Amino acid sequence: QPVVGVLALQGDVREHLIALAECDVVARPVRRPEELAEVDGLVLPGGESTTISRLLHTFELLEPLRARLADGLPAYGSCAGMILLADKVIDGRPDQHQLGGLDVVVRRNAFGRQVDSFEEDLDFQGVEDGPVHAVFIRAPWVESSGGGVDVLARVPESPTAGEAAGRIVAVRQGHVLATAFHPELTGDGRVHRLFVEIVRSAG
Ligand code: GLN
């Protein structure tokens with residue numbers, strides 16, 4: 001069974017561990033470099049990207065994690081995790097560290113104050129059996145993406161979507177998956193299963 005870690009510095013770690021536990025993998029929290037060295041894939045949870053990035057530095061995980069990502073470690077970032085994986089962030093804090101590796105520009109807190117949090121059904125490429133119910137919480141969106149990045153989901157066009165209509169909210173580049181929303185909060189394991197498939201195919 002592959003070992004899939006959840007970066008456990010801040011954020012909704014427990015929800016990801018529960019979602020992974022249903023996927024036939026060994027799911028473990030990761031807080032130390034020795035724990036990072038043992039995983040076949042890593043989830044970066046939702047939370048607060050600036051805080052997580054500071055803690056990555058404090059826990060001496062920033063450079064080891066950058067190195068493993070550069071070496072092809074499968075990774076899945078949800079929300080704050082997507083921000084951390086992005087090569088570039090708009091509206092990030094000046095002291096925010098990026099892990100990078102995902103060739104996208106993300107806009108932090110993109111949906112604005114009025115629509116801090118919302119839910120939407122999305123068509124998600126690579127996920128079968130109907131739309132994914134997506135929970136967005138002060139979410140980023142992908143402002144632009146490079147040629148090697150597959151767009152997996154967008155906010156649907158609708159009369160109320162406004163500026164959010166058509167925005168990219170799920171992407172994949174090789175072994176790196178990222179969603180602006182939180183599949184760990186809805187009990188729908190399909191996005192986690194997609195990530196576990198990526199981990200297995202990389203192994
Ligand atoms: N707004 C948060 C950030 O900037 C992300 C929110 C989330 O992960 N739900 O990191």
# chains A, B, ... in the order shown; residues from 1 in each chain; ligands from 1

call {"tool": "residues_near_ligand", "arguments": {"ligand": "ligand 1", "cutoff": "7 Å", "atoms": "only C-alpha atoms and all ligand atoms", "output": "PyMOL selection string"}}
result
chain A and resi 46-50+78-81+83+108-109+136-140

call {"tool": "residues_around", "arguments": {"residues": "His16 in chain A", "least_positions_apart": "6", "cutoff": "12 Å", "atoms": "only C-alpha atoms", "output": "VMD selection string"}}
result
chain A and resid 4 to 8 22 to 23 27 to 29 42 to 47 76 to 78 81 182 to 189 191 to 193 195

call {"tool": "select_by_dssp", "arguments": {"residues": "range 21-60 of chain A", "states": "helix (DSSP H, G or I)", "output": "list of chain:residue names"}}
result
A:Ala21, A:Pro33, A:Glu34, A:Glu35, A:Leu36, A:Ala37, A:Ser49, A:Thr50, A:Thr51, A:Ile52, A:Ser53, A:Arg54, A:Leu55, A:Leu56, A:His57, A:Thr58

call {"tool": "select_by_dssp", "arguments": {"residues": "range 111-200 of chain A", "states": "strand (DSSP E or B)", "output": "ChimeraX atom specification"}}
result
/A:117-122,132-137,141-145,150-154,168-173,176-179

call {"tool": "closest_residue", "arguments": {"among": "A:Leu122, A:Ala70, A:Val155, A:Val89", "to": "His175 in chain A", "atoms": "only C-alpha atoms"}}
result
A:Ala70

call {"tool": "residues_around", "arguments": {"residues": "Ala170 in chain A", "least_positions_apart": "2", "cutoff": "7 Å", "atoms": "only C-alpha atoms", "output": "VMD selection string"}}
result
chain A and resid 151 to 154 168 178 to 180

call {"tool": "residues_around", "arguments": {"residues": "range 55-67 of chain A", "least_positions_apart": "4", "cutoff": "8 Å", "atoms": "only C-alpha atoms", "output": "PyMOL selection string"}}
result
chain A and resi 9+31-33+36+51+71+99-100

call {"tool": "closest_residue", "arguments": {"among": "A:Ala37, A:Val30, A:Ala161, A:Leu194", "to": "Leu73 in chain A", "atoms": "only C-alpha atoms"}}
result
A:Ala37

call {"tool": "atom_distance", "arguments": {"atom1": "CA of Arg54 in chain A", "atom2": "CA of Val199 in chain A"}}
result
26.8 Å

call {"tool": "closest_residue", "arguments": {"among": "A:Asp91, A:Pro131, A:Thr160, A:Leu177", "to": "Glu143 in chain A", "atoms": "only C-alpha atoms"}}
result
A:Asp91
